[in-house]
Amino acid sequence: MIRITLPDGSVREVKRGASFLEVAEGIGPRLAKAAVCVRFNGELHDLREAALVDGDLAVIGPGGPEALQTLRHTASHVMAQAVKRRFPGVQLGIGPAIEEGFYYDLDLPTPLAEEDLAQIAEEMRGIIAADLPIVRREMTKAEARTLFEGRGETYKLELLADIEDDVVSIFEQGEFVDLCRGPHLRSTGGLRPDAVKLLSVAGAYWRGDEARPMLQRIYGTAWERAKDLEQYLWRLEEAAKRDHRKLGKDLDLFSIHEEGGAGLICWHPKGARLRRTIEEFWYAEHDRQGYDIVATPHIGKSQLWATSGHLDFYRENMYSPMDIDGADYYVKPMNCPYQILIYKTRGHSYRELPIRMAELGTVYRYERSGVLHGLLRVRGFTIDDGHIICRPDQVDAEIRGVYEFSVNMLSAFGFRDFDIYLATRPHAGKAVGEPERWEQATAALRAALDAHGLPYKVDDGGGAFYGPKIDIKVRDTLGRAWQCSTIQFDFNLPERFDMTYIGEDGAEHRPYMVHRALLGSLERFIGCLIEHYGGAFPVWLAPVQAVVIPIADRHNAYAADVAQRLRNAGLRAVVDDTSERMNSKIRAAQLDKIPYMLVVGDREAEAGAVALRLRNGEDAGAVPVKAFIDTANSIVRSKSAENWQA
């Protein structure tokens, strides 16, 4: 017998080897009937799996992300089965559930076209209507190898070879067989045909390796209800309108050039102005929080990266070395080693700690060309990097302070909804330091989160190689999550760099270190802002806050004078003195998402005023220039959403 602990704390003894479904039936028939999967000892499992050890069990019903994950995983198998029926000779790659859908990588004898998706979707509807039972079987690796050799599934054989366990699981539905851990629904009829949709076809290298075969990846999405699918498709349509790559071009913010290199951003004047506004706010807030601003080099000798551990644990993300005077130098992937060197230039007393250093440091990391994506995935980017060097007794307060600083910073940019993750020690030799130290560091981060009463999820194995971390993701207007802030606890680099301070007892002691980035990569953060606001930034962020539009050429001089008065008052203003008609100029300003359009003619020049129009089309009437400046500056200072009150 084994002991199963339920969410309410009650304990049940069940026969070892009973399936999780049988355990659920023992708890209650209604619970078992609604069950989709289970979470056992923190991991998701299929209902048909056997319970073999004591553990904590939660039975998962419909309505949550884990149930959706199970449903989408099943949809990926149904899709692969449909493809195999329609296209004989296809070989299966992998087909996981992803955040809002699923995909399957397939090796097909002929390229798929978008119109082929309709045929595959039709076949999927037939498989769902057939309500095929989904059967889970376990077999030895040798038996599985024989099975997939007989089916000609070479990619599955490669995956099988990488599995360390002697026993593997396969799932069957009708004639379809797949190597898979699950979990899955009980039958194909558990999917709703009106809540499943295929979306697109793309290329994907096998296992993300550009040296391996290019497979065809079919993306789809699946939901529990048809109306959920409708809402998702609306969000997709809105997301396409807000795509930062399209808006970046339309609004003339940035560009990427093949001649210069993929993943390297050129900021145009408007984009650079937006970036500078963010940077100026960042500097002001860090001054207020007592940080010392530093600046460090872009390259460093190999010994620096060997000491930090990057060459051992991060080399695959670093660029090849360059020979300078017979020594290997690397472009920096991170800023922390140089900030440590600054700390070590002199001795420190316990009275000086904590020391808070920060910089807007540009780093370079290798990303495969297939994953580069506008501003969101680049090869050269600037991190708002900071490091707090403190005594052990100061760690908790500093972590809490950084968390509050992060939330306040993100809130200033209009974000209110956050998802928080506690990322723990990486697996499989990807971390430095003793497990006990990791447990201590993780406990410190957990305590900081618990102290705020914050709900968070555990990202098992998601920590940096030198320490665990707190990740904060923001939810944008469409409900999408974006990674921004990260707070990392580090006890390893102080050890590796032999960092010390003189304690109250006169002896040397080892400090602790907190790494933190509040906005993360500026490139990614600006991409997020573009999509969050659809390019219509709040007034304080808008690259151009006001455009002065003269009605006729004789009004150009007054328009130029008004624009100069605005600039003298700290507002970003331009004049549109092109030969276009006034209405065309107003339309152009609206397309450029400029908050304020100031139309000037004879009456405005005589009255020392402007005719104010807002980018939403509202006509605010005549406003004296000084009144406009005072109100606009008040809105800018408040960093509020646009709310004009003349």
# chains A, B, ... in the order shown; residues from 1 in each chain; ligands from 1
$ residues_around --residues "stretch 369-386 of chain A" --least-positions-apart "6" --cutoff "7 Å" --atoms "only C-alpha atoms" --output "ChimeraX atom specification"
/A:245,263-264,357-363,515-524,527
$ write_last_selection --atoms "N, CA and C atoms" --output "PDB file, in the first residue's frame"
ATOM      1  N   ARG A 245       6.769  44.657 -35.043  1.00  0.00           N
ATOM      2  CA  ARG A 245       7.585  44.737 -36.252  1.00  0.00           C
ATOM      3  C   ARG A 245       6.891  45.606 -37.304  1.00  0.00           C
ATOM      4  N   GLY A 263      19.324  40.209 -35.992  1.00  0.00           N
ATOM      5  CA  GLY A 263      19.214  40.346 -34.544  1.00  0.00           C
ATOM      6  C   GLY A 263      19.910  41.559 -33.974  1.00  0.00           C
ATOM      7  N   LEU A 264      20.313  42.515 -34.825  1.00  0.00           N
ATOM      8  CA  LEU A 264      20.993  43.736 -34.380  1.00  0.00           C
ATOM      9  C   LEU A 264      20.127  44.934 -34.773  1.00  0.00           C
ATOM     10  N   MET A 357      24.839  48.884  -7.289  1.00  0.00           N
ATOM     11  CA  MET A 357      25.362  49.393  -8.562  1.00  0.00           C
ATOM     12  C   MET A 357      24.399  49.027  -9.683  1.00  0.00           C
ATOM     13  N   ALA A 358      24.305  49.890 -10.678  1.00  0.00           N
ATOM     14  CA  ALA A 358      23.429  49.611 -11.816  1.00  0.00           C
ATOM     15  C   ALA A 358      23.996  50.251 -13.068  1.00  0.00           C
ATOM     16  N   GLU A 359      23.664  49.668 -14.206  1.00  0.00           N
ATOM     17  CA  GLU A 359      24.064  50.230 -15.500  1.00  0.00           C
ATOM     18  C   GLU A 359      23.095  49.787 -16.576  1.00  0.00           C
ATOM     19  N   LEU A 360      23.008  50.583 -17.603  1.00  0.00           N
ATOM     20  CA  LEU A 360      22.340  50.170 -18.828  1.00  0.00           C
ATOM     21  C   LEU A 360      23.437  49.571 -19.704  1.00  0.00           C
ATOM     22  N   GLY A 361      23.647  48.274 -19.547  1.00  0.00           N
ATOM     23  CA  GLY A 361      24.787  47.617 -20.168  1.00  0.00           C
ATOM     24  C   GLY A 361      24.391  46.789 -21.376  1.00  0.00           C
ATOM     25  N   THR A 362      25.033  47.044 -22.496  1.00  0.00           N
ATOM     26  CA  THR A 362      24.742  46.298 -23.722  1.00  0.00           C
ATOM     27  C   THR A 362      25.537  44.998 -23.743  1.00  0.00           C
ATOM     28  N   VAL A 363      24.848  43.892 -24.003  1.00  0.00           N
ATOM     29  CA  VAL A 363      25.465  42.573 -24.035  1.00  0.00           C
ATOM     30  C   VAL A 363      25.149  41.905 -25.371  1.00  0.00           C
ATOM     31  N   HIS A 515      21.406  39.926  -8.072  1.00  0.00           N
ATOM     32  CA  HIS A 515      21.347  40.449  -9.437  1.00  0.00           C
ATOM     33  C   HIS A 515      19.895  40.853  -9.699  1.00  0.00           C
ATOM     34  N   ARG A 516      19.697  41.946 -10.430  1.00  0.00           N
ATOM     35  CA  ARG A 516      18.326  42.331 -10.743  1.00  0.00           C
ATOM     36  C   ARG A 516      18.275  43.147 -12.022  1.00  0.00           C
ATOM     37  N   ALA A 517      17.253  42.873 -12.797  1.00  0.00           N
ATOM     38  CA  ALA A 517      16.920  43.691 -13.958  1.00  0.00           C
ATOM     39  C   ALA A 517      15.439  43.994 -13.839  1.00  0.00           C
ATOM     40  N   LEU A 518      15.078  45.262 -13.876  1.00  0.00           N
ATOM     41  CA  LEU A 518      13.690  45.650 -13.629  1.00  0.00           C
ATOM     42  C   LEU A 518      12.850  45.625 -14.902  1.00  0.00           C
ATOM     43  N   LEU A 519      13.390  46.164 -15.974  1.00  0.00           N
ATOM     44  CA  LEU A 519      12.695  46.147 -17.254  1.00  0.00           C
ATOM     45  C   LEU A 519      13.163  44.986 -18.121  1.00  0.00           C
ATOM     46  N   GLY A 520      14.306  44.394 -17.757  1.00  0.00           N
ATOM     47  CA  GLY A 520      14.898  43.348 -18.578  1.00  0.00           C
ATOM     48  C   GLY A 520      15.669  43.966 -19.722  1.00  0.00           C
ATOM     49  N   SER A 521      15.566  43.357 -20.874  1.00  0.00           N
ATOM     50  CA  SER A 521      16.169  43.925 -22.077  1.00  0.00           C
ATOM     51  C   SER A 521      15.351  45.128 -22.527  1.00  0.00           C
ATOM     52  N   LEU A 522      16.026  46.265 -22.787  1.00  0.00           N
ATOM     53  CA  LEU A 522      15.300  47.436 -23.278  1.00  0.00           C
ATOM     54  C   LEU A 522      14.633  47.148 -24.617  1.00  0.00           C
ATOM     55  N   GLU A 523      15.304  46.373 -25.463  1.00  0.00           N
ATOM     56  CA  GLU A 523      14.729  46.035 -26.763  1.00  0.00           C
ATOM     57  C   GLU A 523      13.417  45.276 -26.585  1.00  0.00           C
ATOM     58  N   ARG A 524      13.465  44.237 -25.775  1.00  0.00           N
ATOM     59  CA  ARG A 524      12.253  43.443 -25.559  1.00  0.00           C
ATOM     60  C   ARG A 524      11.170  44.270 -24.873  1.00  0.00           C
ATOM     61  N   GLY A 527       9.549  46.512 -27.357  1.00  0.00           N
ATOM     62  CA  GLY A 527       8.654  45.709 -28.195  1.00  0.00           C
ATOM     63  C   GLY A 527       7.346  45.428 -27.484  1.00  0.00           C
TER      64      GLY A 527
END
$ residues_around --residues "stretch 308-316 of chain A" --least-positions-apart "5" --cutoff "7 Å" --atoms "only C-alpha atoms" --output "CSV table (one decimal) with N, CA and C atoms, in the first residue's frame"
chain,number,residue,atom,x,y,z
A,337,PRO,N,30.3,40.4,-14.1
A,337,PRO,CA,31.7,40.3,-13.7
A,337,PRO,C,32.4,41.6,-13.6
A,430,LYS,N,23.9,21.9,-14.8
A,430,LYS,CA,23.8,23.2,-15.4
A,430,LYS,C,24.0,24.3,-14.3
A,465,PHE,N,22.6,29.8,-13.8
A,465,PHE,CA,23.5,28.7,-13.4
A,465,PHE,C,24.2,29.1,-12.0
A,493,LEU,N,29.1,33.7,-7.3
A,493,LEU,CA,30.1,34.6,-7.8
A,493,LEU,C,30.9,35.3,-6.7
A,496,ARG,N,33.6,32.8,-6.2
A,496,ARG,CA,34.5,32.6,-7.3
A,496,ARG,C,35.4,33.8,-7.5
$ closest_residue --among "A:Arg276, A:Arg437, A:Arg351, A:His387" --to "A:Val294" --atoms "only C-alpha atoms"
A:His387
$ residues_around --residues "A:Asp490" --least-positions-apart "3" --cutoff "8 Å" --atoms "only C-alpha atoms" --output "PDB file with C-alpha atoms, in the first residue's frame"
ATOM      1  CA  ALA A 441      19.118  30.989  -1.496  1.00  0.00           C
ATOM      2  CA  TYR A 466      24.761  30.727 -10.370  1.00  0.00           C
ATOM      3  CA  GLY A 467      21.563  31.044  -8.341  1.00  0.00           C
ATOM      4  CA  PRO A 468      17.743  30.882  -8.117  1.00  0.00           C
ATOM      5  CA  LEU A 493      30.082  34.647  -7.826  1.00  0.00           C
ATOM      6  CA  PRO A 494      31.189  36.245  -4.519  1.00  0.00           C
ATOM      7  CA  TYR A 512      26.023  37.933  -0.835  1.00  0.00           C
ATOM      8  CA  MET A 513      24.938  39.331  -4.166  1.00  0.00           C
ATOM      9  CA  VAL A 514      21.527  40.092  -5.653  1.00  0.00           C
ATOM     10  CA  HIS A 515      21.347  40.449  -9.437  1.00  0.00           C
TER      11      HIS A 515
END
$ select_by_dssp --residues "stretch 21-57 of chain A" --states "alpha helix (DSSP H)" --output "PDB file with N, CA and C atoms, in the first residue's frame"
ATOM      1  N   LEU A  21      -6.651   7.165 -12.084  1.00  0.00           N
ATOM      2  CA  LEU A  21      -8.098   7.176 -12.275  1.00  0.00           C
ATOM      3  C   LEU A  21      -8.784   6.324 -11.217  1.00  0.00           C
ATOM      4  N   GLU A  22      -8.207   5.171 -10.910  1.00  0.00           N
ATOM      5  CA  GLU A  22      -8.780   4.321  -9.856  1.00  0.00           C
ATOM      6  C   GLU A  22      -8.720   5.020  -8.500  1.00  0.00           C
ATOM      7  N   VAL A  23      -7.633   5.740  -8.258  1.00  0.00           N
ATOM      8  CA  VAL A  23      -7.537   6.498  -7.009  1.00  0.00           C
ATOM      9  C   VAL A  23      -8.644   7.542  -6.964  1.00  0.00           C
ATOM     10  N   ALA A  24      -8.878   8.246  -8.085  1.00  0.00           N
ATOM     11  CA  ALA A  24      -9.934   9.256  -8.141  1.00  0.00           C
ATOM     12  C   ALA A  24     -11.304   8.631  -7.925  1.00  0.00           C
ATOM     13  N   GLU A  25     -11.532   7.461  -8.484  1.00  0.00           N
ATOM     14  CA  GLU A  25     -12.815   6.768  -8.295  1.00  0.00           C
ATOM     15  C   GLU A  25     -13.034   6.409  -6.837  1.00  0.00           C
ATOM     16  N   GLY A  26     -11.932   6.081  -6.138  1.00  0.00           N
ATOM     17  CA  GLY A  26     -12.040   5.782  -4.722  1.00  0.00           C
ATOM     18  C   GLY A  26     -12.396   7.004  -3.892  1.00  0.00           C
ATOM     19  N   ILE A  27     -12.032   8.182  -4.389  1.00  0.00           N
ATOM     20  CA  ILE A  27     -12.376   9.424  -3.685  1.00  0.00           C
ATOM     21  C   ILE A  27     -13.833   9.779  -3.930  1.00  0.00           C
ATOM     22  N   PRO A  29     -17.089   9.140  -7.337  1.00  0.00           N
ATOM     23  CA  PRO A  29     -17.376   8.895  -8.760  1.00  0.00           C
ATOM     24  C   PRO A  29     -17.532  10.178  -9.571  1.00  0.00           C
ATOM     25  N   ARG A  30     -18.097  11.250  -8.986  1.00  0.00           N
ATOM     26  CA  ARG A  30     -18.250  12.498  -9.732  1.00  0.00           C
ATOM     27  C   ARG A  30     -16.893  13.124 -10.020  1.00  0.00           C
ATOM     28  N   LEU A  31     -15.990  13.060  -9.040  1.00  0.00           N
ATOM     29  CA  LEU A  31     -14.641  13.577  -9.242  1.00  0.00           C
ATOM     30  C   LEU A  31     -13.944  12.821 -10.360  1.00  0.00           C
ATOM     31  N   ALA A  32     -14.071  11.486 -10.335  1.00  0.00           N
ATOM     32  CA  ALA A  32     -13.405  10.661 -11.350  1.00  0.00           C
ATOM     33  C   ALA A  32     -13.978  10.927 -12.739  1.00  0.00           C
ATOM     34  N   LYS A  33     -15.291  11.132 -12.812  1.00  0.00           N
ATOM     35  CA  LYS A  33     -15.920  11.365 -14.106  1.00  0.00           C
ATOM     36  C   LYS A  33     -15.432  12.662 -14.739  1.00  0.00           C
ATOM     37  N   ALA A  34     -15.212  13.684 -13.894  1.00  0.00           N
ATOM     38  CA  ALA A  34     -14.779  14.986 -14.413  1.00  0.00           C
ATOM     39  C   ALA A  34     -13.277  15.077 -14.606  1.00  0.00           C
TER      40      ALA A  34
END
$ atom_distance --atom1 "atom CA of A:Pro7" --atom2 "atom CA of A:Val59"
9.1 Å
$ residues_around --residues "A:Arg475" --least-positions-apart "2" --cutoff "8 Å" --atoms "only C-alpha atoms" --output "VMD selection string"
chain A and resid 415 to 419 473 477 to 482
$ write_last_selection --atoms "C-alpha atoms" --output "CSV table (one decimal), in the first residue's frame"
chain,number,residue,atom,x,y,z
A,415,PHE,CA,1.2,47.5,-16.3
A,416,ARG,CA,-1.0,46.3,-13.5
A,417,ASP,CA,-1.3,42.5,-13.8
A,418,PHE,CA,1.7,40.4,-12.9
A,419,ASP,CA,2.6,36.7,-13.0
A,473,LYS,CA,5.9,38.8,-16.1
A,477,THR,CA,-3.8,44.7,-23.0
A,478,LEU,CA,-4.6,41.4,-24.7
A,479,GLY,CA,-3.7,39.3,-21.6
A,480,ARG,CA,-0.4,38.1,-23.0
A,481,ALA,CA,2.5,37.5,-20.6
A,482,TRP,CA,5.8,39.2,-21.1
$ residues_around --residues "A:Glu49" --least-positions-apart "2" --cutoff "6 Å" --atoms "only C-alpha atoms" --output "ChimeraX atom specification"
/A:19,46-47
$ write_last_selection --atoms "C-alpha atoms" --output "CSV table (one decimal), in the first residue's frame"
chain,number,residue,atom,x,y,z
A,19,SER,CA,-4.0,4.0,-11.7
A,46,ASP,CA,-2.0,10.9,-17.1
A,47,LEU,CA,-5.0,9.3,-15.4
$ residues_around --residues "A:Glu238" --least-positions-apart "2" --cutoff "12 Å" --atoms "only C-alpha atoms" --output "ChimeraX atom specification"
/A:231-236,240-244,477-480,531-534
$ closest_atom_pairs --of "stretch 506-538 of chain A" --to "stretch 604-620 of chain A" --cutoff "12 Å" --atoms "only C-alpha atoms" --output "JSON lines"
{"residue": "A:Gly535", "atom": "CA", "partner": "A:Arg615", "partner_atom": "CA", "distance": 11.9}
{"residue": "A:Ala536", "atom": "CA", "partner": "A:Arg615", "partner_atom": "CA", "distance": 8.8}
{"residue": "A:Phe537", "atom": "CA", "partner": "A:Arg615", "partner_atom": "CA", "distance": 11.0}
{"residue": "A:Pro538", "atom": "CA", "partner": "A:Arg615", "partner_atom": "CA", "distance": 11.3}
$ closest_residue --among "A:Gly261, A:Gly93, A:Pro111, A:Gly208" --to "A:Glu153" --atoms "only C-alpha atoms"
A:Gly93
$ closest_residue --among "A:Arg207, A:Arg181, A:Lys156, A:Lys249" --to "A:His268" --atoms "only C-alpha atoms"
A:Lys249
$ closest_residue --among "A:Phe525, A:Met409, A:Ala569, A:His184" --to "A:Tyr283" --atoms "only C-alpha atoms"
A:Met409
